[in-house]
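Structure first, commentary second.
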There are 2 protein chains.
Amino acid sequence: MVKIKEIEKSTEIKILEAAKQEFLERGFDGARMQKIAERAGINKALLHYYFRSKENLFKAIFQSVFENFFPKVVKTFQSEISFFDKLKFFIDNYIDVLSKNPFLPAFILHEIQLRPEMLINSMKEQGFNPSVFLNMFKREMENGVICNMRVEHLVVNILSMCIFPVAAAPIIKGMIFKNDDIEYQQFLEERKIIVYEFVVNSIKK
Amino acid sequence: MVKIKEIEKSTEIKILEAAKQEFLERGFDGARMQKIAERAGINKALLHYYFRSKENLFKAIFQSVFENFFPKVVKTFQSEISFFDKLKFFIDNYIDVLSKNPFLPAFILHEIQLRPEMLINSMKEQGFNPSVFLNMFKREMENGVICNMRVEHLVVNILSMCIFPVAAAPIIKGMIFKNDDIEYQQFLEERKIIVYEFVVNSIKK
DNA sequence: GTCTATATTGTGATAGAC
DNA sequence: GTCTATCACAATATAGAC
């Protein structure tokens with residue numbers, strides 16, 4: 001059953017990778033089937049042979065990409081390390097994922113505006129459940145480890161400080177770092193510690 | 001020189017308002033000249049009579065809209081009230097502006113990705129200078145009012161916690177508030193206090 | 001200035017040979 | 001499965017009457 005030739009990627013994979021790039025960079029409305037075909041090294045007709053329509057192709061991409069926007073952290077948070085270590089681990093990994101997918105945040109935030117139903121679908125499809133995240137913080141509050149506040153705000157604060165700096169990368173690069181990519185990357189790297197400390201200072205008793 | 005009839009808006013104004021809505025909601029690629037004409041109560045040809053091309057119209061909109069994304073706070077920060085009052089005032093106003101322009105953050109973040117040159121133009125056009133903001137915090141650190149840290153991170157943290165929750169509104173509404181608009185609006189309102197306290201707890205000595 | 005009609009180009013999608 | 005050629009329509013843009 002296992003294919004012998006793995007050197008050449010299957011056409012479907014090539015299409016998916018090309019489509020992912022194109023959609024992430026330009027959004028659904030800005031993406032062009034022609035460009036996707038070129039990126040995949042094939043022609044337009046073949047795209048339709050595999051996925052029938054642009055919309056279909058987009059849906060396939062959106063779902064696979066969405067799970068990276070809110071990372072799967074369930075395992076992390078079930079482990080035995082301390083609350084603060086979990087938090088540190090989460091922020092580290094999340095900033096890492098996003099710096100490697102610089103278009104991801106702005107893409108999701110844009111597409112979501114006029115197609116909120118896709119959000120619902122993706123959540124169901126992947127059994128995504130935000131309350132795992134929320135509950136962890138609730139538990140720590142009840143145990144008196146961190147001070148009391150509405151968990152929704154705390155979680156939104158943390159996500160904000162991880163996601164926004166990547167979504168706004170061109171602005172930050174342009175306004176603060178004179179478009180120097182390396183300085184910006186270093187800035188993101190620093191944020192792993194900064195955000196953690198900022199949060200801890202604010203919530204520890 | 002002053003026009004007598006002010007009851008009926010001038011055609012140009014009607015176009016600009018219609019275009020602003022359409023572009024903000026759908027982005028440049030998703031916006032349709034036909035829809036803009038409809039929203040303005042005129043026809044397509046007239047759009048081109050006034051602005052020659054979609055691109056031109058977009059540029060006019062983008063610049064007028066961009067200044068709301070990073071608010072003009074210079075005056076506020078030159079006033080005589082205490083640092084913490086300035087901070088409170090800023091966060092209050094900013095969250096207010098954004099809740100009244102819910103499409104603004106995602107629009108800017110999206111358009112910026114592939115057209116960073118527009119950013120540069122808008123900044124120049126409006127004489128926008130981020131260092132006013134940065135310097136205010138620097139001064140407070142030197143005076144020992146708040147603890148030392150790289151100001152860029154502090155500013156980005158504050159902006160993140162104000163902007164992201166609006167950019168991600170459909171997600172937050174869907175995941176936390178079961179799409180209840182009123183609960184979400186109340187959440188934003190709460191954030192005026194929450195964000196302020198979160199920041200202060202983290203930076204005060 | 002404003003309209004109707006039309007040109008022109010771009011783009012998603014299909015037909016059909018190989 | 002993959003290609004070339006082509007369709008059909010959507011969208012920007014212009015011509016020209018009023």
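Ligands are numbered from 1 in the order shown, chains are lettered A, B, ... in the order of the structure tokens, and residues start at 1 in each chain.
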Using only C-alpha atoms, find which residues of chain A lie within 6 Å of chain B and jot them down as JSON, numbers by chain. {"A": [29, 30, 106, 109, 110, 157, 160, 161, 164, 168, 198, 201, 202]}
Print the selection's residues with C-alpha atoms to a file, as a short mmCIF file (atom, residue, chain, number, x, y, z; two decimals), in the first residue's frame.
data_model
loop_
_atom_site.label_atom_id
_atom_site.label_comp_id
_atom_site.auth_asym_id
_atom_site.auth_seq_id
_atom_site.Cartn_x
_atom_site.Cartn_y
_atom_site.Cartn_z
CA ASP A 29 -10.48 37.81 -2.87
CA GLY A 30 -6.92 38.72 -3.75
CA ALA A 106 -3.69 39.06 9.45
CA LEU A 109 -8.43 38.30 11.16
CA HIS A 110 -9.34 39.53 7.70
CA ASN A 157 -4.54 39.95 26.96
CA SER A 160 -3.24 39.94 22.07
CA MET A 161 0.38 40.39 23.03
CA PHE A 164 -0.85 41.47 17.34
CA ALA A 168 1.15 44.33 12.59
CA PHE A 198 4.55 41.35 31.81
CA ASN A 201 3.94 40.84 37.12
CA SER A 202 0.35 41.69 36.52
#
Taking only C-alpha atoms (C1' of nucleotides) into account, which residues of chain A are within 12 Å of chain C, as a PyMOL selection string? chain A and resi 29-35+44-49+51-55
Fitted copy of chain B on chain A, all Cα, as a PDB file with C-alpha atoms, in the first residue's frame:
ATOM      1  CA  MET B   1      -0.507   0.279   0.700  1.00  0.00           C
ATOM      2  CA  VAL B   2       2.445   2.544   1.234  1.00  0.00           C
ATOM      3  CA  LYS B   3       3.522   4.396  -1.879  1.00  0.00           C
ATOM      4  CA  ILE B   4       7.038   3.626  -3.057  1.00  0.00           C
ATOM      5  CA  LYS B   5       7.883   6.880  -4.747  1.00  0.00           C
ATOM      6  CA  GLU B   6       8.017   9.653  -2.177  1.00  0.00           C
ATOM      7  CA  ILE B   7      10.633  11.796  -3.874  1.00  0.00           C
ATOM      8  CA  GLU B   8       8.130  13.648  -6.041  1.00  0.00           C
ATOM      9  CA  LYS B   9       5.293  15.184  -4.034  1.00  0.00           C
ATOM     10  CA  SER B  10       1.844  14.227  -5.147  1.00  0.00           C
ATOM     11  CA  THR B  11       0.031  16.797  -7.246  1.00  0.00           C
ATOM     12  CA  GLU B  12      -2.571  17.298  -4.588  1.00  0.00           C
ATOM     13  CA  ILE B  13       0.063  18.162  -2.010  1.00  0.00           C
ATOM     14  CA  LYS B  14       1.755  20.571  -4.388  1.00  0.00           C
ATOM     15  CA  ILE B  15      -1.556  22.304  -5.004  1.00  0.00           C
ATOM     16  CA  LEU B  16      -2.356  22.558  -1.321  1.00  0.00           C
ATOM     17  CA  GLU B  17       1.021  24.036  -0.513  1.00  0.00           C
ATOM     18  CA  ALA B  18       0.835  26.538  -3.343  1.00  0.00           C
ATOM     19  CA  ALA B  19      -2.715  27.508  -2.472  1.00  0.00           C
ATOM     20  CA  LYS B  20      -1.821  27.962   1.159  1.00  0.00           C
ATOM     21  CA  GLN B  21       0.901  30.433   0.292  1.00  0.00           C
ATOM     22  CA  GLU B  22      -1.234  32.372  -2.171  1.00  0.00           C
ATOM     23  CA  PHE B  23      -4.296  32.566   0.070  1.00  0.00           C
ATOM     24  CA  LEU B  24      -2.282  33.482   3.146  1.00  0.00           C
ATOM     25  CA  GLU B  25      -0.506  36.311   1.370  1.00  0.00           C
ATOM     26  CA  ARG B  26      -3.403  37.778  -0.573  1.00  0.00           C
ATOM     27  CA  GLY B  27      -6.614  36.552   1.065  1.00  0.00           C
ATOM     28  CA  PHE B  28      -9.457  34.861  -0.777  1.00  0.00           C
ATOM     29  CA  ASP B  29     -10.400  37.849  -2.912  1.00  0.00           C
ATOM     30  CA  GLY B  30      -6.829  38.749  -3.785  1.00  0.00           C
ATOM     31  CA  ALA B  31      -5.681  35.224  -4.578  1.00  0.00           C
ATOM     32  CA  ARG B  32      -5.563  34.099  -8.210  1.00  0.00           C
ATOM     33  CA  MET B  33      -6.062  30.554  -9.442  1.00  0.00           C
ATOM     34  CA  GLN B  34      -3.510  31.277 -12.164  1.00  0.00           C
ATOM     35  CA  LYS B  35      -0.888  32.166  -9.550  1.00  0.00           C
ATOM     36  CA  ILE B  36      -1.653  29.073  -7.515  1.00  0.00           C
ATOM     37  CA  ALA B  37      -1.182  26.936 -10.614  1.00  0.00           C
ATOM     38  CA  GLU B  38       2.137  28.633 -11.333  1.00  0.00           C
ATOM     39  CA  ARG B  39       3.360  28.189  -7.774  1.00  0.00           C
ATOM     40  CA  ALA B  40       2.433  24.512  -7.949  1.00  0.00           C
ATOM     41  CA  GLY B  41       4.097  24.082 -11.326  1.00  0.00           C
ATOM     42  CA  ILE B  42       0.933  22.941 -13.055  1.00  0.00           C
ATOM     43  CA  ASN B  43      -1.878  24.615 -14.973  1.00  0.00           C
ATOM     44  CA  LYS B  44      -5.227  26.073 -14.008  1.00  0.00           C
ATOM     45  CA  ALA B  45      -7.373  23.260 -15.341  1.00  0.00           C
ATOM     46  CA  LEU B  46      -5.769  20.811 -12.996  1.00  0.00           C
ATOM     47  CA  LEU B  47      -6.744  22.889 -10.003  1.00  0.00           C
ATOM     48  CA  HIS B  48     -10.369  22.495 -10.945  1.00  0.00           C
ATOM     49  CA  TYR B  49      -9.898  18.817 -11.620  1.00  0.00           C
ATOM     50  CA  TYR B  50      -8.761  18.359  -8.025  1.00  0.00           C
ATOM     51  CA  PHE B  51     -10.912  20.885  -6.211  1.00  0.00           C
ATOM     52  CA  ARG B  52     -13.712  21.902  -8.607  1.00  0.00           C
ATOM     53  CA  SER B  53     -13.807  25.552  -7.472  1.00  0.00           C
ATOM     54  CA  LYS B  54     -11.768  28.296  -5.863  1.00  0.00           C
ATOM     55  CA  GLU B  55     -14.141  28.290  -2.922  1.00  0.00           C
ATOM     56  CA  ASN B  56     -13.601  24.582  -2.321  1.00  0.00           C
ATOM     57  CA  LEU B  57      -9.864  24.948  -2.441  1.00  0.00           C
ATOM     58  CA  PHE B  58     -10.055  27.830  -0.036  1.00  0.00           C
ATOM     59  CA  LYS B  59     -12.120  25.925   2.464  1.00  0.00           C
ATOM     60  CA  ALA B  60      -9.601  23.099   2.449  1.00  0.00           C
ATOM     61  CA  ILE B  61      -6.817  25.585   3.164  1.00  0.00           C
ATOM     62  CA  PHE B  62      -8.650  27.624   5.743  1.00  0.00           C
ATOM     63  CA  GLN B  63      -9.381  24.707   7.979  1.00  0.00           C
ATOM     64  CA  SER B  64      -5.865  23.336   7.933  1.00  0.00           C
ATOM     65  CA  VAL B  65      -4.522  26.811   8.658  1.00  0.00           C
ATOM     66  CA  PHE B  66      -6.968  27.851  11.333  1.00  0.00           C
ATOM     67  CA  GLU B  67      -5.747  25.379  13.896  1.00  0.00           C
ATOM     68  CA  ASN B  68      -2.417  27.176  13.955  1.00  0.00           C
ATOM     69  CA  PHE B  69      -4.045  30.434  14.893  1.00  0.00           C
ATOM     70  CA  PHE B  70      -5.259  29.063  18.173  1.00  0.00           C
ATOM     71  CA  PRO B  71      -2.668  26.419  18.876  1.00  0.00           C
ATOM     72  CA  LYS B  72      -3.490  23.018  20.263  1.00  0.00           C
ATOM     73  CA  VAL B  73      -2.222  23.368  23.765  1.00  0.00           C
ATOM     74  CA  VAL B  74      -4.309  20.808  25.493  1.00  0.00           C
ATOM     75  CA  LYS B  75      -1.443  18.429  26.022  1.00  0.00           C
ATOM     76  CA  THR B  76       0.802  21.119  27.384  1.00  0.00           C
ATOM     77  CA  PHE B  77      -1.740  22.131  29.927  1.00  0.00           C
ATOM     78  CA  GLN B  78      -2.371  18.658  31.152  1.00  0.00           C
ATOM     79  CA  SER B  79       1.259  18.069  31.988  1.00  0.00           C
ATOM     80  CA  GLU B  80       2.625  18.128  35.509  1.00  0.00           C
ATOM     81  CA  ILE B  81       4.829  21.205  35.367  1.00  0.00           C
ATOM     82  CA  SER B  82       3.897  24.300  37.366  1.00  0.00           C
ATOM     83  CA  PHE B  83       1.366  26.831  36.170  1.00  0.00           C
ATOM     84  CA  PHE B  84       4.001  29.446  35.468  1.00  0.00           C
ATOM     85  CA  ASP B  85       6.083  26.992  33.489  1.00  0.00           C
ATOM     86  CA  LYS B  86       3.060  26.102  31.399  1.00  0.00           C
ATOM     87  CA  LEU B  87       2.458  29.751  30.740  1.00  0.00           C
ATOM     88  CA  LYS B  88       6.065  30.327  29.747  1.00  0.00           C
ATOM     89  CA  PHE B  89       6.035  27.289  27.509  1.00  0.00           C
ATOM     90  CA  PHE B  90       2.847  28.403  25.815  1.00  0.00           C
ATOM     91  CA  ILE B  91       4.033  31.942  25.060  1.00  0.00           C
ATOM     92  CA  ASP B  92       7.384  30.692  23.780  1.00  0.00           C
ATOM     93  CA  ASN B  93       5.861  28.201  21.415  1.00  0.00           C
ATOM     94  CA  TYR B  94       3.110  30.466  20.216  1.00  0.00           C
ATOM     95  CA  ILE B  95       5.394  33.342  19.312  1.00  0.00           C
ATOM     96  CA  ASP B  96       7.620  30.815  17.593  1.00  0.00           C
ATOM     97  CA  VAL B  97       4.816  29.409  15.452  1.00  0.00           C
ATOM     98  CA  LEU B  98       3.627  32.845  14.456  1.00  0.00           C
ATOM     99  CA  SER B  99       7.058  34.188  13.524  1.00  0.00           C
ATOM    100  CA  LYS B 100       7.371  31.242  11.186  1.00  0.00           C
ATOM    101  CA  ASN B 101       3.927  31.992   9.709  1.00  0.00           C
ATOM    102  CA  PRO B 102       4.009  35.766   9.434  1.00  0.00           C
ATOM    103  CA  PHE B 103       0.912  36.049   7.234  1.00  0.00           C
ATOM    104  CA  LEU B 104      -1.237  33.830   9.396  1.00  0.00           C
ATOM    105  CA  PRO B 105      -2.664  36.348  11.902  1.00  0.00           C
ATOM    106  CA  ALA B 106      -3.679  39.060   9.441  1.00  0.00           C
ATOM    107  CA  PHE B 107      -5.098  36.426   7.116  1.00  0.00           C
ATOM    108  CA  ILE B 108      -7.373  34.917   9.733  1.00  0.00           C
ATOM    109  CA  LEU B 109      -8.412  38.268  11.154  1.00  0.00           C
ATOM    110  CA  HIS B 110      -9.337  39.508   7.700  1.00  0.00           C
ATOM    111  CA  GLU B 111     -11.189  36.448   6.427  1.00  0.00           C
ATOM    112  CA  ILE B 112     -13.130  36.074   9.624  1.00  0.00           C
ATOM    113  CA  GLN B 113     -14.767  39.484   9.282  1.00  0.00           C
ATOM    114  CA  LEU B 114     -17.150  38.622   6.481  1.00  0.00           C
ATOM    115  CA  ARG B 115     -17.206  34.855   6.802  1.00  0.00           C
ATOM    116  CA  PRO B 116     -17.720  34.144  10.500  1.00  0.00           C
ATOM    117  CA  GLU B 117     -19.467  30.898   9.567  1.00  0.00           C
ATOM    118  CA  MET B 118     -16.108  29.473   8.481  1.00  0.00           C
ATOM    119  CA  LEU B 119     -14.936  29.922  12.019  1.00  0.00           C
ATOM    120  CA  ILE B 120     -17.794  27.877  13.371  1.00  0.00           C
ATOM    121  CA  ASN B 121     -17.140  25.133  10.832  1.00  0.00           C
ATOM    122  CA  SER B 122     -13.434  25.022  11.601  1.00  0.00           C
ATOM    123  CA  MET B 123     -14.066  24.818  15.292  1.00  0.00           C
ATOM    124  CA  LYS B 124     -16.504  21.966  14.939  1.00  0.00           C
ATOM    125  CA  GLU B 125     -14.331  20.176  12.421  1.00  0.00           C
ATOM    126  CA  GLN B 126     -11.406  20.189  14.806  1.00  0.00           C
ATOM    127  CA  GLY B 127     -13.242  19.770  18.052  1.00  0.00           C
ATOM    128  CA  PHE B 128     -11.655  22.973  19.234  1.00  0.00           C
ATOM    129  CA  ASN B 129     -12.597  24.031  22.716  1.00  0.00           C
ATOM    130  CA  PRO B 130     -11.421  27.313  24.235  1.00  0.00           C
ATOM    131  CA  SER B 131     -12.670  26.426  27.685  1.00  0.00           C
ATOM    132  CA  VAL B 132      -9.665  24.167  28.293  1.00  0.00           C
ATOM    133  CA  PHE B 133      -7.597  27.281  28.224  1.00  0.00           C
ATOM    134  CA  LEU B 134      -9.976  29.348  30.288  1.00  0.00           C
ATOM    135  CA  ASN B 135     -10.426  26.662  32.907  1.00  0.00           C
ATOM    136  CA  MET B 136      -6.737  26.321  33.558  1.00  0.00           C
ATOM    137  CA  PHE B 137      -6.603  29.928  34.668  1.00  0.00           C
ATOM    138  CA  LYS B 138      -9.797  29.613  36.643  1.00  0.00           C
ATOM    139  CA  ARG B 139      -8.327  26.741  38.609  1.00  0.00           C
ATOM    140  CA  GLU B 140      -5.213  28.740  39.478  1.00  0.00           C
ATOM    141  CA  MET B 141      -7.342  31.592  40.723  1.00  0.00           C
ATOM    142  CA  GLU B 142      -9.399  29.306  42.916  1.00  0.00           C
ATOM    143  CA  ASN B 143      -6.196  27.846  44.324  1.00  0.00           C
ATOM    144  CA  GLY B 144      -5.007  31.342  45.090  1.00  0.00           C
ATOM    145  CA  VAL B 145      -1.913  31.101  42.889  1.00  0.00           C
ATOM    146  CA  ILE B 146      -2.842  34.155  40.837  1.00  0.00           C
ATOM    147  CA  CYS B 147      -5.120  37.033  41.677  1.00  0.00           C
ATOM    148  CA  ASN B 148      -8.781  37.052  40.764  1.00  0.00           C
ATOM    149  CA  MET B 149      -9.980  38.586  37.544  1.00  0.00           C
ATOM    150  CA  ARG B 150     -12.319  37.657  34.736  1.00  0.00           C
ATOM    151  CA  VAL B 151     -10.361  34.929  32.951  1.00  0.00           C
ATOM    152  CA  GLU B 152     -11.627  35.968  29.548  1.00  0.00           C
ATOM    153  CA  HIS B 153      -9.741  39.227  29.869  1.00  0.00           C
ATOM    154  CA  LEU B 154      -6.571  37.542  31.000  1.00  0.00           C
ATOM    155  CA  VAL B 155      -6.612  35.088  28.119  1.00  0.00           C
ATOM    156  CA  VAL B 156      -7.420  37.797  25.583  1.00  0.00           C
ATOM    157  CA  ASN B 157      -4.569  39.898  26.962  1.00  0.00           C
ATOM    158  CA  ILE B 158      -2.083  37.087  26.520  1.00  0.00           C
ATOM    159  CA  LEU B 159      -3.268  36.229  23.026  1.00  0.00           C
ATOM    160  CA  SER B 160      -3.253  39.914  22.080  1.00  0.00           C
ATOM    161  CA  MET B 161       0.371  40.401  23.047  1.00  0.00           C
ATOM    162  CA  CYS B 162       1.419  37.289  21.119  1.00  0.00           C
ATOM    163  CA  ILE B 163      -0.653  37.742  17.978  1.00  0.00           C
ATOM    164  CA  PHE B 164      -0.866  41.474  17.352  1.00  0.00           C
ATOM    165  CA  PRO B 165       2.878  42.121  17.009  1.00  0.00           C
ATOM    166  CA  VAL B 166       2.972  39.598  14.162  1.00  0.00           C
ATOM    167  CA  ALA B 167      -0.216  40.816  12.505  1.00  0.00           C
ATOM    168  CA  ALA B 168       1.133  44.358  12.607  1.00  0.00           C
ATOM    169  CA  ALA B 169       4.646  43.391  11.550  1.00  0.00           C
ATOM    170  CA  PRO B 170       4.858  45.741   8.543  1.00  0.00           C
ATOM    171  CA  ILE B 171       3.784  48.670  10.698  1.00  0.00           C
ATOM    172  CA  ILE B 172       6.158  47.867  13.532  1.00  0.00           C
ATOM    173  CA  LYS B 173       9.014  47.213  11.150  1.00  0.00           C
ATOM    174  CA  GLY B 174       8.353  50.456   9.325  1.00  0.00           C
ATOM    175  CA  MET B 175       7.763  52.717  12.291  1.00  0.00           C
ATOM    176  CA  ILE B 176      10.261  51.386  14.800  1.00  0.00           C
ATOM    177  CA  PHE B 177      12.916  49.386  12.988  1.00  0.00           C
ATOM    178  CA  LYS B 178      13.303  51.212   9.676  1.00  0.00           C
ATOM    179  CA  ASN B 179      12.263  48.034   7.887  1.00  0.00           C
ATOM    180  CA  ASP B 180      15.153  46.030   9.253  1.00  0.00           C
ATOM    181  CA  ASP B 181      13.957  42.423   9.274  1.00  0.00           C
ATOM    182  CA  ILE B 182      16.660  41.180  11.576  1.00  0.00           C
ATOM    183  CA  GLU B 183      15.979  43.781  14.237  1.00  0.00           C
ATOM    184  CA  TYR B 184      12.299  42.956  14.035  1.00  0.00           C
ATOM    185  CA  GLN B 185      12.932  39.230  14.420  1.00  0.00           C
ATOM    186  CA  GLN B 186      15.079  39.938  17.442  1.00  0.00           C
ATOM    187  CA  PHE B 187      12.265  42.056  18.831  1.00  0.00           C
ATOM    188  CA  LEU B 188       9.874  39.112  18.527  1.00  0.00           C
ATOM    189  CA  GLU B 189      12.422  36.867  20.177  1.00  0.00           C
ATOM    190  CA  GLU B 190      12.715  39.278  23.111  1.00  0.00           C
ATOM    191  CA  ARG B 191       8.974  39.246  23.476  1.00  0.00           C
ATOM    192  CA  LYS B 192       8.996  35.635  24.599  1.00  0.00           C
ATOM    193  CA  ILE B 193      10.478  36.825  27.876  1.00  0.00           C
ATOM    194  CA  ILE B 194       8.858  40.243  27.957  1.00  0.00           C
ATOM    195  CA  VAL B 195       5.291  39.036  27.527  1.00  0.00           C
ATOM    196  CA  TYR B 196       5.750  36.340  30.113  1.00  0.00           C
ATOM    197  CA  GLU B 197       7.115  38.760  32.679  1.00  0.00           C
ATOM    198  CA  PHE B 198       4.511  41.353  31.825  1.00  0.00           C
ATOM    199  CA  VAL B 199       1.732  38.870  32.453  1.00  0.00           C
ATOM    200  CA  VAL B 200       3.264  37.419  35.600  1.00  0.00           C
ATOM    201  CA  ASN B 201       3.891  40.831  37.135  1.00  0.00           C
ATOM    202  CA  SER B 202       0.295  41.669  36.536  1.00  0.00           C
ATOM    203  CA  ILE B 203      -1.374  38.544  37.903  1.00  0.00           C
ATOM    204  CA  LYS B 204       0.811  37.152  40.656  1.00  0.00           C
ATOM    205  CA  LYS B 205      -0.355  37.799  44.157  1.00  0.00           C
TER     206      LYS B 205
END
If the cut-off is 9 Å, can you tell me the residues of chain D near chain B, counting only C-alpha atoms (C1' of nucleotides)? I'd like them as a tab-separated table (two decimals) with N, CA, C and O atoms (P, O5', C5', C4', C3', O3' and C1' of nucleotides), in the first residue's frame.
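Okay, this is what ended up in result_18.tsv:
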chain	number	residue	atom	x	y	z
D	11	DA	P	-18.18	40.90	-9.69
D	11	DA	O5'	-17.22	41.98	-10.34
D	11	DA	C5'	-15.87	41.60	-10.57
D	11	DA	C4'	-15.10	42.77	-11.10
D	11	DA	C3'	-15.62	44.12	-10.62
D	11	DA	O3'	-14.54	44.93	-10.19
D	11	DA	C1'	-15.59	44.04	-12.98
D	12	DT	P	-14.69	46.42	-9.75
D	12	DT	O5'	-13.80	47.18	-10.85
D	12	DT	C5'	-12.46	46.79	-11.02
D	12	DT	C4'	-11.92	47.41	-12.28
D	12	DT	C3'	-11.91	48.94	-12.29
D	12	DT	O3'	-10.65	49.38	-12.79
D	12	DT	C1'	-13.04	48.13	-14.20
D	13	DA	P	-10.26	50.95	-12.69
D	13	DA	O5'	-10.70	51.47	-14.12
D	13	DA	C5'	-10.20	50.80	-15.28
D	13	DA	C4'	-10.91	51.29	-16.52
D	13	DA	C3'	-11.06	52.81	-16.61
D	13	DA	O3'	-10.32	53.26	-17.73
D	13	DA	C1'	-13.07	51.68	-17.24
D	14	DT	P	-10.25	54.81	-18.08
D	14	DT	O5'	-11.30	54.96	-19.26
D	14	DT	C5'	-11.13	54.14	-20.41
D	14	DT	C4'	-12.26	54.36	-21.38
D	14	DT	C3'	-12.50	55.81	-21.80
D	14	DT	O3'	-12.55	55.83	-23.22
D	14	DT	C1'	-14.52	54.80	-21.16
Would you please extract all helix (DSSP H, G or I) residues from segment 9-61 of chain A, as assigned by DSSP on the backbone, and give them as a PyMOL selection string? chain A and resi 11-30+33-40+44-51+54-61
